[in-house]
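Enquirer: Next up, structure-v4.tsv (TSV, C-alpha atoms and all ligand atoms).
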```tsv
chain	number	residue	atom	x	y	z
A	1	MET	CA	23.52	66.60	-21.57
A	2	ARG	CA	20.54	65.52	-19.52
A	3	SER	CA	19.23	62.04	-20.29
A	4	GLU	CA	15.81	62.01	-21.93
A	5	SER	CA	15.51	58.25	-21.80
A	6	LYS	CA	12.11	56.99	-20.81
A	7	MET	CA	11.10	54.50	-18.19
A	8	LYS	CA	7.88	52.72	-17.44
A	9	ILE	CA	6.11	54.18	-14.40
A	10	ILE	CA	3.16	52.73	-12.49
A	11	ALA	CA	1.04	55.16	-10.48
A	12	LYS	CA	-0.93	53.37	-7.79
A	13	THR	CA	-4.18	54.80	-6.52
A	14	SER	CA	-7.37	53.80	-4.70
A	15	TYR	CA	-10.35	52.07	-6.28
A	16	GLY	CA	-12.57	54.60	-8.05
A	17	LEU	CA	-9.90	57.27	-8.51
A	18	GLU	CA	-8.24	55.83	-11.63
A	19	GLU	CA	-10.01	58.19	-14.04
A	20	VAL	CA	-9.13	61.35	-12.12
A	21	LEU	CA	-5.55	60.14	-11.95
A	22	VAL	CA	-5.52	59.85	-15.75
A	23	GLU	CA	-6.79	63.46	-15.94
A	24	GLU	CA	-4.06	64.57	-13.55
A	25	LEU	CA	-1.44	62.86	-15.68
A	26	LYS	CA	-2.79	64.67	-18.75
A	27	GLN	CA	-2.22	67.96	-16.93
A	28	LEU	CA	1.41	66.90	-16.50
A	29	GLY	CA	1.67	66.26	-20.24
A	30	VAL	CA	1.35	62.47	-20.09
A	31	THR	CA	-1.14	61.49	-22.76
A	32	GLU	CA	-0.52	57.80	-23.36
A	33	VAL	CA	-1.67	55.77	-20.40
A	34	GLU	CA	-2.80	52.25	-19.69
A	35	LEU	CA	-5.59	51.99	-17.16
A	36	ALA	CA	-5.74	49.16	-14.62
A	37	THR	CA	-7.62	48.61	-11.38
A	38	ARG	CA	-6.10	50.91	-8.76
A	39	ALA	CA	-3.22	51.80	-11.08
A	40	VAL	CA	-2.32	53.75	-14.20
A	41	MET	CA	0.73	52.84	-16.30
A	42	PHE	CA	2.64	55.30	-18.44
A	43	GLU	CA	6.11	56.16	-19.70
A	44	GLY	CA	8.16	59.15	-18.72
A	45	THR	CA	11.58	60.65	-18.16
A	46	LYS	CA	13.25	61.33	-14.84
A	47	GLU	CA	11.66	64.76	-14.96
A	48	THR	CA	8.20	63.19	-15.40
A	49	LEU	CA	8.86	60.98	-12.39
A	50	TYR	CA	9.90	63.91	-10.17
A	51	LYS	CA	6.95	66.02	-11.33
A	52	ALA	CA	4.50	63.15	-10.86
A	53	ASN	CA	5.64	62.61	-7.27
A	54	LEU	CA	5.33	66.29	-6.53
A	55	TRP	CA	2.04	66.99	-8.32
A	56	LEU	CA	-0.20	63.94	-8.38
A	57	ARG	CA	-2.98	64.39	-5.84
A	58	SER	CA	-4.86	61.13	-6.30
A	59	ALA	CA	-1.88	58.73	-6.53
A	60	ASN	CA	-0.50	57.04	-3.44
A	61	ARG	CA	2.74	55.65	-4.88
A	62	LEU	CA	4.81	55.72	-8.06
A	63	ILE	CA	6.85	52.65	-8.80
A	64	VAL	CA	9.35	52.02	-11.59
A	65	PRO	CA	9.67	48.43	-12.87
A	66	ILE	CA	13.32	47.52	-13.47
A	67	LYS	CA	13.09	43.85	-14.41
A	68	THR	CA	10.41	41.32	-15.35
A	69	PHE	CA	10.95	37.60	-15.73
A	70	LYS	CA	9.36	34.18	-15.17
A	71	ILE	CA	10.44	31.79	-12.45
A	72	LYS	CA	10.38	28.01	-11.99
A	73	ASP	CA	11.01	27.92	-8.26
A	74	ALA	CA	12.33	29.90	-5.30
A	75	GLU	CA	15.96	29.35	-6.31
A	76	ASP	CA	15.19	30.74	-9.73
A	77	LEU	CA	13.81	33.89	-8.08
A	78	TYR	CA	16.98	34.19	-5.99
A	79	ASN	CA	19.28	33.81	-9.01
A	80	LYS	CA	17.39	36.25	-11.22
A	81	VAL	CA	17.19	38.92	-8.52
A	82	LYS	CA	20.92	38.47	-7.92
A	83	GLU	CA	21.65	39.18	-11.58
A	84	ILE	CA	20.34	42.76	-11.20
A	85	ALA	CA	23.17	45.31	-10.80
A	86	TRP	CA	21.93	46.57	-7.42
A	87	GLU	CA	25.22	48.36	-6.83
A	88	ASP	CA	24.26	50.74	-9.66
A	89	ILE	CA	21.05	51.60	-7.81
A	90	PHE	CA	22.20	52.06	-4.20
A	91	THR	CA	25.24	51.78	-1.96
A	92	VAL	CA	26.11	49.16	0.58
A	93	ASP	CA	25.75	51.76	3.34
A	94	GLN	CA	22.08	52.42	2.57
A	95	THR	CA	19.21	50.40	4.02
A	96	PHE	CA	16.53	48.63	2.00
A	97	ALA	CA	13.19	46.86	2.39
A	98	ILE	CA	11.06	44.61	0.21
A	99	ASP	CA	7.30	45.12	-0.21
A	100	SER	CA	5.80	42.01	-1.73
A	101	THR	CA	2.57	40.88	-3.36
A	102	VAL	CA	2.59	37.21	-4.26
A	103	PHE	CA	-0.13	35.24	-6.06
A	104	SER	CA	2.08	32.41	-7.37
A	105	GLU	CA	1.65	28.90	-5.99
A	106	ILE	CA	5.43	28.43	-5.80
A	107	PHE	CA	5.33	30.30	-2.53
A	108	ASN	CA	2.81	29.42	0.09
A	109	HIS	CA	4.12	32.34	2.11
A	110	THR	CA	4.53	35.90	0.78
A	111	LYS	CA	7.27	36.48	3.32
A	112	PHE	CA	9.35	33.63	1.91
A	113	ALA	CA	9.49	35.27	-1.53
A	114	ALA	CA	10.51	38.58	0.06
A	115	PHE	CA	13.11	36.72	2.09
A	116	LYS	CA	14.65	35.11	-1.00
A	117	THR	CA	14.75	38.50	-2.73
A	118	LYS	CA	16.39	40.17	0.24
A	119	ASP	CA	19.01	37.38	0.43
A	120	ALA	CA	19.80	37.68	-3.28
A	121	ILE	CA	20.41	41.42	-2.97
A	122	ALA	CA	22.46	41.10	0.22
A	123	ASP	CA	24.56	38.24	-1.24
A	124	ARG	CA	25.32	40.20	-4.40
A	125	PHE	CA	26.65	43.10	-2.34
A	126	ARG	CA	28.58	40.79	-0.02
A	127	GLU	CA	30.28	39.04	-2.92
A	128	LYS	CA	31.28	42.37	-4.47
A	129	PHE	CA	32.15	44.46	-1.42
A	130	ASP	CA	32.56	41.96	1.38
A	131	LYS	CA	29.80	43.81	3.15
A	132	ARG	CA	25.99	43.80	2.89
A	133	PRO	CA	23.40	46.57	3.22
A	134	ASP	CA	21.04	46.39	6.21
A	135	VAL	CA	17.32	45.88	6.03
A	136	ASP	CA	15.12	48.54	7.65
A	137	THR	CA	11.41	47.88	7.32
A	138	ASP	CA	10.39	51.23	8.89
A	139	GLN	CA	12.33	53.95	7.11
A	140	PRO	CA	14.50	52.28	4.46
A	141	HIS	CA	16.48	54.38	1.99
A	142	ILE	CA	15.41	52.06	-0.82
A	143	ARG	CA	12.01	50.40	-1.12
A	144	ILE	CA	11.88	47.50	-3.54
A	145	ASN	CA	8.59	46.20	-4.80
A	146	LEU	CA	8.27	42.50	-5.59
A	147	HIS	CA	5.22	41.31	-7.50
A	148	ILE	CA	4.74	37.66	-8.41
A	149	GLY	CA	1.64	36.90	-10.48
A	150	LYS	CA	-0.40	33.69	-10.74
A	151	GLU	CA	1.61	32.63	-13.81
A	152	ASP	CA	4.88	32.91	-11.85
A	153	ASP	CA	5.70	36.16	-13.64
A	154	VAL	CA	7.85	38.44	-11.54
A	155	THR	CA	8.18	42.20	-11.66
A	156	ILE	CA	10.82	43.94	-9.58
A	157	SER	CA	10.23	47.66	-9.18
A	158	LEU	CA	11.77	50.54	-7.29
A	159	ASP	CA	9.41	52.63	-5.21
A	160	SER	CA	10.14	56.21	-6.21
A	161	SER	CA	7.88	57.70	-3.55
A	162	GLY	CA	9.17	56.01	-0.39
A	163	ASP	CA	6.53	56.97	2.14
A	164	PRO	CA	3.11	56.89	0.47
A	165	LEU	CA	2.19	60.10	-1.29
A	166	PHE	CA	-0.76	60.83	1.00
A	167	LYS	CA	1.85	61.69	3.62
A	168	ARG	CA	2.00	65.25	2.40
A	169	GLY	CA	4.03	66.56	5.29
A	170	TYR	CA	1.43	69.03	6.59
A	171	ARG	CA	-0.52	66.84	8.99
A	172	GLU	CA	0.38	67.82	12.53
A	173	SER	CA	-2.67	66.48	14.24
A	174	ARG	CA	-5.41	64.02	13.51
A	175	SER	CA	-9.11	64.04	14.29
A	176	LEU	CA	-10.73	60.76	15.23
A	177	ALA	CA	-11.43	59.71	11.65
A	178	PRO	CA	-9.31	61.67	9.18
A	179	ILE	CA	-9.77	60.87	5.56
A	180	LYS	CA	-6.56	60.16	3.62
A	181	GLU	CA	-5.22	63.08	1.62
A	182	ASP	CA	-5.24	61.24	-1.73
A	183	LEU	CA	-8.88	60.25	-1.29
A	184	ALA	CA	-9.85	63.78	-0.19
A	185	ALA	CA	-8.15	65.24	-3.26
A	186	GLY	CA	-9.62	62.53	-5.50
A	187	MET	CA	-13.12	63.34	-4.24
A	188	ILE	CA	-12.66	67.05	-4.98
A	189	LEU	CA	-11.39	66.22	-8.47
A	190	LEU	CA	-14.30	63.80	-9.01
A	191	SER	CA	-16.72	66.58	-8.01
A	192	GLY	CA	-15.64	68.52	-11.09
A	193	TRP	CA	-15.36	71.73	-9.02
A	194	ASP	CA	-14.13	74.34	-11.49
A	195	LYS	CA	-12.40	76.51	-8.84
A	196	LYS	CA	-14.60	79.41	-9.92
A	197	SER	CA	-17.04	79.16	-7.03
A	198	ASN	CA	-17.18	78.74	-3.26
A	199	PHE	CA	-16.30	75.47	-1.58
A	200	ILE	CA	-17.67	74.15	1.74
A	201	ASP	CA	-16.98	71.14	3.94
A	202	PHE	CA	-19.78	70.82	6.57
A	203	PHE	CA	-17.87	68.27	8.67
A	204	CYS	CA	-14.29	69.41	8.25
A	205	GLY	CA	-12.65	67.56	11.18
A	206	SER	CA	-8.88	67.95	10.95
A	207	GLY	CA	-9.24	69.83	7.66
A	208	THR	CA	-7.98	67.35	5.08
A	209	ILE	CA	-10.62	68.15	2.45
A	210	LEU	CA	-10.20	71.90	3.01
A	211	ILE	CA	-6.41	71.79	2.71
A	212	GLU	CA	-6.56	69.68	-0.45
A	213	ALA	CA	-9.21	72.04	-1.87
A	214	ALA	CA	-7.09	75.12	-1.11
A	215	MET	CA	-4.07	73.54	-2.79
A	216	ILE	CA	-6.15	72.62	-5.85
A	217	ALA	CA	-7.71	76.11	-5.95
A	218	ASN	CA	-4.31	77.84	-5.85
A	219	ASN	CA	-2.51	75.30	-8.03
A	220	ILE	CA	-0.10	74.39	-5.24
A	221	PRO	CA	1.57	70.96	-5.61
A	222	PRO	CA	0.22	68.64	-2.89
A	223	ASN	CA	3.63	67.34	-1.93
A	224	ILE	CA	5.53	70.61	-1.78
A	225	ASN	CA	5.86	70.25	2.02
A	226	ARG	CA	7.41	66.78	1.87
A	227	ALA	CA	11.03	66.55	2.90
A	228	ILE	CA	11.86	63.33	1.12
A	229	PHE	CA	10.88	61.12	-1.80
A	230	GLY	CA	12.28	57.62	-2.39
A	231	PHE	CA	14.04	58.60	-5.62
A	232	MET	CA	16.24	61.05	-3.70
A	233	ASN	CA	18.10	58.04	-2.28
A	234	TRP	CA	18.80	56.48	-5.68
A	235	LYS	CA	22.31	56.74	-7.13
A	236	THR	CA	20.75	58.21	-10.27
A	237	PHE	CA	19.15	61.12	-8.35
A	238	ASP	CA	19.60	64.36	-10.26
A	239	GLU	CA	19.38	67.04	-7.59
A	240	GLU	CA	19.72	69.92	-10.01
A	241	LEU	CA	16.82	68.64	-12.10
A	242	PHE	CA	14.69	68.11	-8.99
A	243	ASN	CA	15.40	71.67	-7.81
A	244	GLU	CA	14.33	72.94	-11.23
A	245	VAL	CA	11.09	70.93	-10.93
A	246	ILE	CA	10.47	72.46	-7.48
A	247	ASP	CA	11.27	76.01	-8.63
A	248	HIS	CA	8.99	75.66	-11.61
A	249	ALA	CA	6.21	74.28	-9.37
A	250	LEU	CA	6.52	77.23	-6.98
A	251	ASP	CA	5.93	79.59	-9.90
A	252	GLN	CA	2.65	77.91	-10.78
A	253	GLU	CA	0.62	79.25	-7.86
A	254	THR	CA	-2.55	80.98	-9.03
A	255	ARG	CA	-5.06	83.31	-7.40
A	256	PHE	CA	-8.36	82.04	-6.10
A	257	ASP	CA	-11.07	84.64	-5.60
A	258	PHE	CA	-13.77	82.60	-3.87
A	259	LYS	CA	-14.12	81.12	-0.40
A	260	ILE	CA	-13.07	77.80	1.05
A	261	ILE	CA	-15.14	77.25	4.19
A	262	GLY	CA	-14.86	74.58	6.87
A	263	ILE	CA	-17.45	73.89	9.55
A	264	ASP	CA	-17.24	71.55	12.53
A	265	ILE	CA	-19.25	71.34	15.71
A	266	ASP	CA	-16.33	70.16	17.88
A	267	ALA	CA	-14.02	72.84	19.31
A	268	ARG	CA	-11.14	70.42	19.95
A	269	VAL	CA	-11.25	69.12	16.40
A	270	MET	CA	-11.39	72.71	15.13
A	271	GLY	CA	-8.14	73.39	16.98
A	272	MET	CA	-6.46	70.47	15.20
A	273	CYS	CA	-7.83	71.72	11.91
A	274	ARG	CA	-6.31	75.16	12.49
A	275	THR	CA	-2.93	73.61	13.33
A	276	ASN	CA	-2.91	71.54	10.14
A	277	ILE	CA	-3.96	74.46	7.97
A	278	GLU	CA	-1.20	76.56	9.48
A	279	ALA	CA	1.38	73.79	8.89
A	280	ALA	CA	0.29	73.70	5.25
A	281	GLY	CA	0.79	77.49	5.05
A	282	LEU	CA	-2.84	78.04	4.05
A	283	THR	CA	-4.21	80.04	6.98
A	284	ASP	CA	-5.27	83.02	4.88
A	285	LYS	CA	-6.94	80.80	2.29
A	286	ILE	CA	-9.46	78.94	4.46
A	287	GLU	CA	-12.33	80.26	6.59
A	288	LEU	CA	-13.38	78.20	9.64
A	289	HIS	CA	-16.62	78.15	11.65
A	290	LYS	CA	-17.07	76.21	14.85
A	291	LYS	CA	-20.75	75.43	14.72
A	292	ASP	CA	-23.41	72.94	13.80
A	293	PHE	CA	-23.58	72.84	10.01
A	294	LYS	CA	-27.34	73.58	10.21
A	295	GLU	CA	-26.62	76.93	11.83
A	296	PHE	CA	-24.32	78.11	9.09
A	297	ASP	CA	-25.79	80.62	6.65
A	298	ALA	CA	-24.97	79.71	3.07
A	299	PRO	CA	-22.88	82.32	1.26
A	300	GLU	CA	-24.75	84.18	-1.43
A	301	LEU	CA	-22.43	83.00	-4.18
A	302	LYS	CA	-23.13	79.37	-4.94
A	303	GLY	CA	-20.63	76.59	-5.18
A	304	VAL	CA	-19.75	73.05	-4.24
A	305	ILE	CA	-20.01	71.11	-0.98
A	306	VAL	CA	-17.75	68.09	-0.45
A	307	CYS	CA	-17.92	66.34	2.90
A	308	ASN	CA	-17.09	63.31	4.95
A	309	PRO	CA	-19.65	63.07	7.78
A	310	PRO	CA	-19.52	60.53	10.61
A	311	TYR	CA	-20.55	57.09	9.35
A	312	GLY	CA	-22.08	55.87	12.61
A	313	GLU	CA	-19.37	53.28	13.09
A	314	ARG	CA	-18.99	53.76	16.80
A	315	ILE	CA	-21.11	51.57	19.06
A	316	GLY	CA	-24.33	53.33	19.99
A	317	GLU	CA	-23.85	56.06	17.36
A	318	ASN	CA	-26.82	56.62	15.06
A	319	VAL	CA	-26.38	59.06	12.21
A	320	ASP	CA	-29.79	58.68	10.55
A	321	ASP	CA	-31.03	62.02	11.91
A	322	LEU	CA	-27.79	63.78	10.94
A	323	TYR	CA	-28.10	62.56	7.35
A	324	ALA	CA	-31.79	63.57	7.22
A	325	GLU	CA	-30.82	67.05	8.48
A	326	PHE	CA	-28.09	67.20	5.84
A	327	GLY	CA	-30.73	66.64	3.15
A	328	ASP	CA	-33.17	69.14	4.70
A	329	ASN	CA	-30.46	71.75	5.05
A	330	LEU	CA	-29.52	71.39	1.39
A	331	LYS	CA	-33.16	71.73	0.35
A	332	THR	CA	-33.80	74.85	2.39
A	333	ARG	CA	-30.52	76.75	2.02
A	334	TYR	CA	-28.41	75.52	-0.83
A	335	ASP	CA	-30.37	76.14	-3.97
A	336	GLY	CA	-28.08	76.05	-6.98
A	337	TRP	CA	-25.27	74.18	-5.16
A	338	ASN	CA	-23.81	70.78	-5.94
A	339	ALA	CA	-23.27	68.69	-2.82
A	340	TRP	CA	-21.13	65.58	-2.54
A	341	MET	CA	-20.93	63.32	0.44
A	342	ILE	CA	-18.98	60.13	1.12
A	343	SER	CA	-20.24	57.45	3.48
A	344	SER	CA	-20.07	53.73	4.13
A	345	ASN	CA	-23.47	53.83	5.82
A	346	MET	CA	-25.86	52.86	3.00
A	347	GLY	CA	-28.89	52.87	5.34
A	348	ALA	CA	-28.20	56.38	6.62
A	349	LEU	CA	-27.55	57.64	3.08
A	350	LYS	CA	-31.17	56.76	2.24
A	351	LYS	CA	-32.27	59.15	5.01
A	352	VAL	CA	-30.82	62.11	3.10
A	353	GLY	CA	-34.10	62.06	1.21
A	354	LEU	CA	-32.69	63.45	-2.02
A	355	ARG	CA	-32.20	61.64	-5.27
A	356	PRO	CA	-28.49	61.46	-6.03
A	357	SER	CA	-27.46	62.22	-9.59
A	358	ARG	CA	-24.24	60.22	-9.21
A	359	LYS	CA	-23.10	57.41	-6.96
A	360	ILE	CA	-19.42	56.44	-7.15
A	361	LYS	CA	-17.97	53.43	-5.39
A	362	VAL	CA	-14.80	54.32	-3.48
A	363	PHE	CA	-12.97	52.96	-0.45
A	364	ASN	CA	-12.11	54.93	2.66
A	365	GLY	CA	-9.37	52.66	3.99
A	366	SER	CA	-11.01	49.25	4.07
A	367	LEU	CA	-14.55	50.66	4.21
A	368	GLU	CA	-16.54	50.37	1.01
A	369	CYS	CA	-18.26	53.73	0.50
A	370	ARG	CA	-20.44	55.60	-1.91
A	371	PHE	CA	-19.55	59.11	-2.98
A	372	MET	CA	-22.95	60.68	-3.67
A	373	LYS	CA	-23.78	63.76	-5.69
A	374	TYR	CA	-26.89	65.83	-4.96
A	375	GLU	CA	-27.68	68.59	-7.41
A	376	MET	CA	-29.75	71.27	-5.71
A	377	TYR	CA	-31.96	73.51	-7.72
A	378	LYS	CA	-35.46	74.87	-7.34
A	379	GLY	CA	-37.85	71.96	-7.49
A	380	THR	CA	-35.21	69.34	-6.75
A	381	LYS	CA	-37.83	67.39	-4.88
A	382	LYS	CA	-40.11	67.21	-7.89
A	383	VAL	CA	-37.62	66.53	-10.65
A	384	HIS	CA	-36.64	62.92	-11.09
A	385	LYS	CA	-33.26	62.62	-12.68
A	386	MET	CA	-31.81	59.41	-13.95
A	387	ILE	CA	-29.33	58.03	-11.47
A	388	ARG	CA	-25.96	57.37	-12.99
A	389	SER	CA	-24.81	54.51	-10.88
A	390	GLU	CA	-21.12	53.69	-11.16
A	391	ASP	CA	-20.98	50.76	-8.76
B	1	LIG	C1	-15.54	61.76	9.87
B	1	LIG	S1	-15.17	63.24	10.68
B	1	LIG	C2	-14.50	64.23	9.41
B	1	LIG	C3	-13.04	63.95	9.23
B	1	LIG	C4	-12.37	64.91	8.27
B	1	LIG	N1	-12.76	64.70	6.88
B	1	LIG	C5	-10.84	64.78	8.41
B	1	LIG	O1	-10.16	64.44	7.45
B	1	LIG	O2	-10.35	64.99	9.50
B	1	LIG	C6	-16.75	63.95	10.94
B	1	LIG	C7	-16.75	65.29	11.65
B	1	LIG	O3	-18.09	65.77	11.71
B	1	LIG	C8	-18.23	66.60	12.85
B	1	LIG	N2	-19.67	66.77	13.11
B	1	LIG	C9	-20.56	65.85	13.59
B	1	LIG	N3	-21.78	66.40	13.66
B	1	LIG	C10	-21.70	67.68	13.19
B	1	LIG	C11	-22.63	68.74	12.99
B	1	LIG	N4	-23.91	68.60	13.29
B	1	LIG	N5	-22.18	69.90	12.46
B	1	LIG	C12	-20.87	70.06	12.14
B	1	LIG	N6	-19.92	69.08	12.34
B	1	LIG	C13	-20.34	67.92	12.85
B	1	LIG	C14	-17.44	65.85	13.91
B	1	LIG	O4	-17.02	66.73	14.95
B	1	LIG	C15	-16.26	65.27	13.10
B	1	LIG	O5	-15.12	66.09	13.21
```
Go ahead and render the structure in this file as structure tokens.
Ligand SMILES: C[S@@+](CC[C@H](N)C(=O)[O-])C[C@H]1O[C@@H](n2cnc3c(N)ncnc32)[C@H](O)[C@@H]1O

Expert:
Amino acid sequence: MRSESKMKIIAKTSYGLEEVLVEELKQLGVTEVELATRAVMFEGTKETLYKANLWLRSANRLIVPIKTFKIKDAEDLYNKVKEIAWEDIFTVDQTFAIDSTVFSEIFNHTKFAAFKTKDAIADRFREKFDKRPDVDTDQPHIRINLHIGKEDDVTISLDSSGDPLFKRGYRESRSLAPIKEDLAAGMILLSGWDKKSNFIDFFCGSGTILIEAAMIANNIPPNINRAIFGFMNWKTFDEELFNEVIDHALDQETRFDFKIIGIDIDARVMGMCRTNIEAAGLTDKIELHKKDFKEFDAPELKGVIVCNPPYGERIGENVDDLYAEFGDNLKTRYDGWNAWMISSNMGALKKVGLRPSRKIKVFNGSLECRFMKYEMYKGTKKVHKMIRSED
């Protein structure tokens, strides 16, 4: 019989996406969650873990805590890590790596804590098998997460994802400033797009937002193209169960009867976008236009715009006019649409000249950004809506 025993699971995400992650978990049937900054905690079975890795769009990692304890000093950490039955988790022939976050004053160097942990694991194997597993920091079979809090409380977790979940497996080529897949998906989910209307990205670059939108629209799991997840290297991996999860996911694809449209002014970037869309198997689901966004005629059926314009980060680049044109274009052509735009350039955002109805703080990599919502309807310029600021 298949084990239904539950484990604690921590889904890590980016700042500002926690609430959409909770919604995504609800869709997977997980109702009891604990919300933290950049993480959501919940309990689930092995099946939940496999499904979560396959389906969660706004998470970047899923880790499973296996032991928590307090320590007095570095030796104490070594001894307690050595007590864990690592040989039940992986074999001596597999490689491992430690990712560490350390706030405790016991260690004035994060690396030292990771070093002690690595030694404890290697020594346990050596004492049992006369052989130790190798460390591989690039592509380890097993990623172990070490967290030591300010109160010297330690949590050892296994990383069930391995490579971060934004590595969907479809990206063949990158534009100059691609947005990460989990943020792109998180933005679309934050927009509240109901999948019953058209979708446009004015500045589509390598196509990340479009690809994520097409997968959301057709109910395709974001990580269906990934070859490997961390949990596949665990001794407890249940291949039959995982195949069932995949088969079930493949049956969930739904029809989408509206358009997903990408626009970009740069022909080279458009080429990359096409390549990525093809790699994701979504060629027939996305329409592309190589042109200036101002020259694109809005489709008759209204919908949602989600975009990631240039932020004016490059020396000598000024995007004030571009942002002003974005606002003007919305006013003249996109009556009835909801437009969302992310940017770190707070000055340029003011040039849009429209009153946002929402402002959400998010991070694009290390850049603090605002994700702005502009609701376009006749008389937008006259109506003053309350700004819901979620800084
Ligand atoms: C920050 S990048 C978008 C990156 C994209 N989200 C991705 O993941 O690859 C901004 C894009 O805007 C495009 N762009 C700049 N001005 C434009 C304009 N007037 N009309 C359409 N696209 C424009 C650039 O060619 C660039 O690809």

Enquirer: Work out how far apart atom CA of Arg124 of chain A and atom CA of His109 of chain A are and give it in Å to one decimal.

Expert: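 Spanning atom CA of Arg124 of chain A to atom CA of His109 of chain A is a straight-line distance of 23.5 Å.
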
Enquirer: Near Phe242 of chain A, counting all atoms listed in the file, which residues have an atom at most 10 Å away, once you skip same-chain residues fewer than 5 positions from it, shown as a PyMOL selection string?

Expert: chain A and resi 46-47+49-51+54+232+237+247-248

Enquirer: Quick one: everything within 8 Å of Ile156 of chain A, counting all atoms listed in the file, minus sequence neighbours fewer than 2 positions away in the same chain. Send it as a PDB file with C-alpha atoms, in the coordinates of the input.

Expert:
```
ATOM      1  CA  PRO A  65       9.670  48.430 -12.870  1.00  0.00           C
ATOM      2  CA  ILE A  66      13.320  47.520 -13.470  1.00  0.00           C
ATOM      3  CA  LYS A  67      13.090  43.850 -14.410  1.00  0.00           C
ATOM      4  CA  THR A  68      10.410  41.320 -15.350  1.00  0.00           C
ATOM      5  CA  ILE A 144      11.880  47.500  -3.540  1.00  0.00           C
ATOM      6  CA  ASN A 145       8.590  46.200  -4.800  1.00  0.00           C
ATOM      7  CA  LEU A 146       8.270  42.500  -5.590  1.00  0.00           C
ATOM      8  CA  HIS A 147       5.220  41.310  -7.500  1.00  0.00           C
ATOM      9  CA  VAL A 154       7.850  38.440 -11.540  1.00  0.00           C
ATOM     10  CA  LEU A 158      11.770  50.540  -7.290  1.00  0.00           C
TER      11      LEU A 158
END
```

Enquirer: From the list A:Cys273, A:Leu250, A:Val135, A:Ile211, which residue is nearest Thr95 of chain A when using all atoms listed in the file?

Expert: A:Val135

Enquirer: Please identify every polymer residue within 7 Å of ligand LIG 1 (chain B), using all atoms listed in the file, and present the set as a ChimeraX atom specification.

Expert: /A:174-180,202-209,263-266,269,291-294,307-311,322
